[in-house]
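Undergrad: Shown below is the structure under consideration.
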Amino acid sequence: MARIIQLCLLLLSSIGFLAATQNQSEAGWPVHDDGLTTDVQWDHYSFTIHDQRIFVFSGEFHYWRIPVPGLWRDIIEKIKAAGFTAFSIYSSWAWHSPNNYTVDFSTGARNITPIFELAKELGMYVIVRPGPYINAEASAGGFPLWLTTGDYGTLRNNDSRYTAAWKPYFDKMSEITSQYQVTNGQNTFCYQIENEYGDQWLSDPSQRDPNETAITYMELLESSARENGILVPFTANEPNMNAMSWGSDWSNAGGNVDVVGLDSYPSCWTCDVSQCTSTNGEYVAYKVVEYYDYFLEFSPTVPSFMPEFQGGSYNPWAGPEGGCSDDTGADFVNLFYRWNIAQRVTAMSLYMIYGGTSWGAIAAPVTATSYDYSAPISEDRSIASKYYETKLLSLFTRSARDLTVTDLVGNGTQYTNNTAVSAYELRNPTTNAGFYVTLHKDSTVGTNVAFSLRVNTSVGALTIPRLGGTIRLNGHQSKIIVTDYTFGSETLLYSTAEVLTHAVIDDKPTLVLWVPTGESGEFAVKGVKKGSVVSKCQGCSDINFHQESGSLIVGFTQSEGVSIVQLDDEIRVVLLDRTAAYNFWAPALTEDPLVPENEAVLIQGPYLVRSVNLKTSTLEIKGDSVNETSLEVFAPKEVKAITWNGKQLKTSQTSYGSLKATIAAPPSIQLPAFTSWKVNDSLPERLPTYDASGPAWVDANHMTTANPSPPATLPVLYADEYGFHNGVRLWRGSFNGTASGVFLNVQGGSAFGFSAWLNGHFIGSYLGDASIEQANETFLFPNTTLPNSSNTLLIVHDDTGHDETTGALNPRGILEARLLSPDNSNTFTHWRIAGTAGGESNLDPIRGAWNEDGLYAERVGWHLPGFDDSAWPSTSAQNLSFTGATVKFFRTTVPLDIPRGVDVSISFVLGTPANAPSDAYRAQLFVNGYQYGRFNPYIGNQVDFPVPVGVLDYTGENTIGVAVWAQTEAGAAISVGWKVNYVADSSLDVAGLETSELRPGWSEERLKYA
């Protein structure tokens, strides 16, 4: 970067904007608000909420991907525990509007008010992102699929038909959110308009040629939000650095929002990195992206804000089991999130912090059933190294208040004695606190390098460490070295160990520092006269003290564990290696998201600490322990007793004032085996005797379509035209006379497939491909299949969801169906289609419009609890198998009796036995009526399917169903099992959650859809 030019630009920008404002920050930059409230303000440096500057460290969470409201607490508590100050939610129009006359924010998991209430209770600010388009790797980008027919125009514009469609949902979402804004004592502090909609300009943004259609659309959304009570600032997120839309610093065109941010996925948003070359150039692992100049040019007077920064990557069809954590794991977290701080970012939200599951038909074709996203909180709700590594930084950003106002005053290798290491110097212009972000000059390098660092401090220029030793970057790592860091009333002159957090307890500060295991560190505290070691970890070297220039310098090497240093009997310093730091927590005693330094306690040891409450002389701790755990608590002297999840612990006090105890291991959990299955045929529609005159079937007789992609043959055989939007649909085409075969061109998204039967005889399948969305097949008719003058062709068509962005209107169905006859004169006389029972009328408002497909078993409700399968034949086989090309439905019930006081996570495991006749089959897993897995061994690799409590009944009988569609005459065999992912002694008492309303049972109404 050309530092002199940039600083000049900063100064010129500052002068220009200062001339237009009376309100300036302490560093001379203009302070903005949206003209409706001053409860949220911002300037060049950071957001301010209720007059307090905040480093916004947020994570994205999709409530509709875990449709159990009782588990929303678990996710939000884990976000809070990691030190985040906020979380972000996309709301899904599709989830709330199964048809164009329903807006449901009350049924089951559609009631979102608990999310806002939890934010207030737990002390988390909220970023609300209502769309109406959200992308999110959801089918049609979160648009309800009834919108995709073409009847509402081309979407995401000012077409009156589209406006009339989104307003009921968007109005209601705004109205609900308005009750939970910071302006009335709640915690929503900003409201995003649309999503990655960088369409303000018709051409190159530098030309400032307005796109009036897009501008009018944005203004319509903004007006709707304001009319329905939204007072907090509007935000927008740019899809990449080429868009430059909606920013008032950039232009005065219409549609501008208050604060524009930038989304960035430097390691690619998908495990298939070939998809990302058009945006980021050729993919290079661990290559950082420069953002500073972009923010300086495009939005110089607002915070450098990243509404989406990479929290992981989604796993596409044929992607690796478990996702692509190698590129976006703990090392990625360590390097890239610190890099953002080097670029002066003070507000960022990780996409995703918890991904969840694409259950039912949520997913777009780009992704398989899992939406784990390699996120810090895994799909099964577990936490591991990536979560803990994120916590190391988020706790620091919550504590380092001076980080919210910094200038980038220099960068380069001149700061170090090793030209392989670069540093970025950030400095608070008011307090003079310094933050040096160090990393490999070539960020793609992962070697182990040593260096010393030249820093500027309040006592002058220093080269650190002072007492010998070095600073190290071991692998794809970065370190933030602080100078003149304030903790309580004390000043940390410098530290080569990273600051984790600090707290003021009984008016005395406790500072927590960490280094990677086995590395050395050095720190100096101003004004300190003496120091002593009060506890040293086993295997740690001696800790050395040295007085210099009015400061006490402390040097150490940290093996695994915890060491405690006391300085002048007033300051306690906790030294941790990475392993110990992973299990170090700073829970709040307040609902203030910023957690003032005198409103926290410090705890080392457990897998998770969710919250604390100080009640007279007892500290009540809630959290999770997955094994027997040693607990150490740094709390006020008034604390004489500790409870863990309501149980009294036997404690002992250390010489330096902490309390220690031991938490018992949780009980082990054994799952019952699946011993007996029932089985029935689920494709009677292929038989000549089947009657398709019932209400399950709709005439497919449209001869025109509003879809911009008309079919090659008529009638129109697009499923959405007839109100059937999800997954498997069945088409029955009738024709008279003879033909030698049929040509079919079908579109269904990546990994889709279809099979065909003529008069009950299987004639072939398209098995699918992870990268093909449209395919054609010619199926020849054997002479024996045409005995009658009247013939029926059955096509079973599976699709994997609608495309996103401009592809949302790409049809799903048969683009061309042409009989092959000698003179090509024979044509189909009639077509009918069957899909989800009830179509858009949504027979199951709890599980919702995404959940069911058109298979016979689903239409008549075999997947639902309470269906009587006593007349079905039994099979006790461990592997469920059959021969022939058809669909079979297997069903069993199994009880669970999970004990109280534990959190248990369970996954189903599907597989293809070694002796299976073929892997050319598609299977769907149903758990108490919920479609919680799409297993496609011919294409995909996912075999583990986490299913949450609430979908599973942890204290009762569970109905398990598996639909298996064999796409060849060889048939299919599938193994079905389950496993416990983890058991935790926990305040999240999953067996005590009231979830029965989430599992409605079978009713006779289903039978009419046979």
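Every chain in the structure tokens has a letter given in the order shown (A, B, ...), and although residue numbers restart at 1 in each chain, ligands are simply numbered from 1 in the order shown.
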So that I can check the surroundings of stretch 646-653 of chain A, please list as a list in words every protein, DNA and RNA residue that reaches within 8 Å of it, counting only C-alpha atoms and ignoring chain neighbours fewer than 2 positions away.

TA: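 Surrounding residues, per the criterion: Glu620, Ile621, Lys622, Ala641, Ile642, Thr643, Trp644, Ser655, Gly657, Ser658, Leu659, Lys660, Ala661, Thr662 and Ile663 of chain A.
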
Undergrad: At a cut-off of 12 Å, using only C-alpha atoms, what residues contact A:Pro168? Leave out same-chain residues fewer than 4 positions from it and give the result as a ChimeraX atom specification.

TA: /A:93,96-97,99-105,132,162-164,172-175,221,224-225,228

Undergrad: With a distance cut-off of 12 Å and only C-alpha atoms, select the neighbouring residues of stretch 893-897 of chain A, excluding the residue or stretch itself and same-chain residues fewer than 4 positions from it, and output the selection as a count of residues only.

TA: 42

Undergrad: Show me, as a ChimeraX atom specification, the residues that have an atom within 7 Å of A:Ile481 when counting only C-alpha atoms, minus same-chain residues fewer than 6 positions from it.

TA: /A:435-437,495-496,498

Undergrad: Selected residues, C-alpha atoms, written as a JSON list (two decimals), in the first residue's frame, please.

TA:
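See again.json below for the written result:
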[["chain", "number", "residue", "atom", "x", "y", "z"],
["A", 435, "PHE", "CA", -1.99, -2.87, 17.97],
["A", 436, "TYR", "CA", 0.61, -4.56, 15.76],
["A", 437, "VAL", "CA", -0.84, -7.29, 13.58],
["A", 495, "SER", "CA", 3.14, -7.95, 25.40],
["A", 496, "THR", "CA", 4.53, -10.44, 22.91],
["A", 498, "GLU", "CA", -1.54, -12.17, 22.94]]

Undergrad: Using DSSP secondary structure from the backbone, list all helix (DSSP H, G or I) positions within stretch 274-438 of chain A, as a PyMOL selection string.

TA: chain A and resi 274-280+292-298+325-328+330-342+385-399+401-404+413-415

Undergrad: I need the residue nearest A:Pro946 from this list: A:Thr183, A:Ser382, A:Ser771, A:Ser88. Use only C-alpha atoms for the distance.

TA: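 Result for the nearest residue to A:Pro946: A:Ser382.
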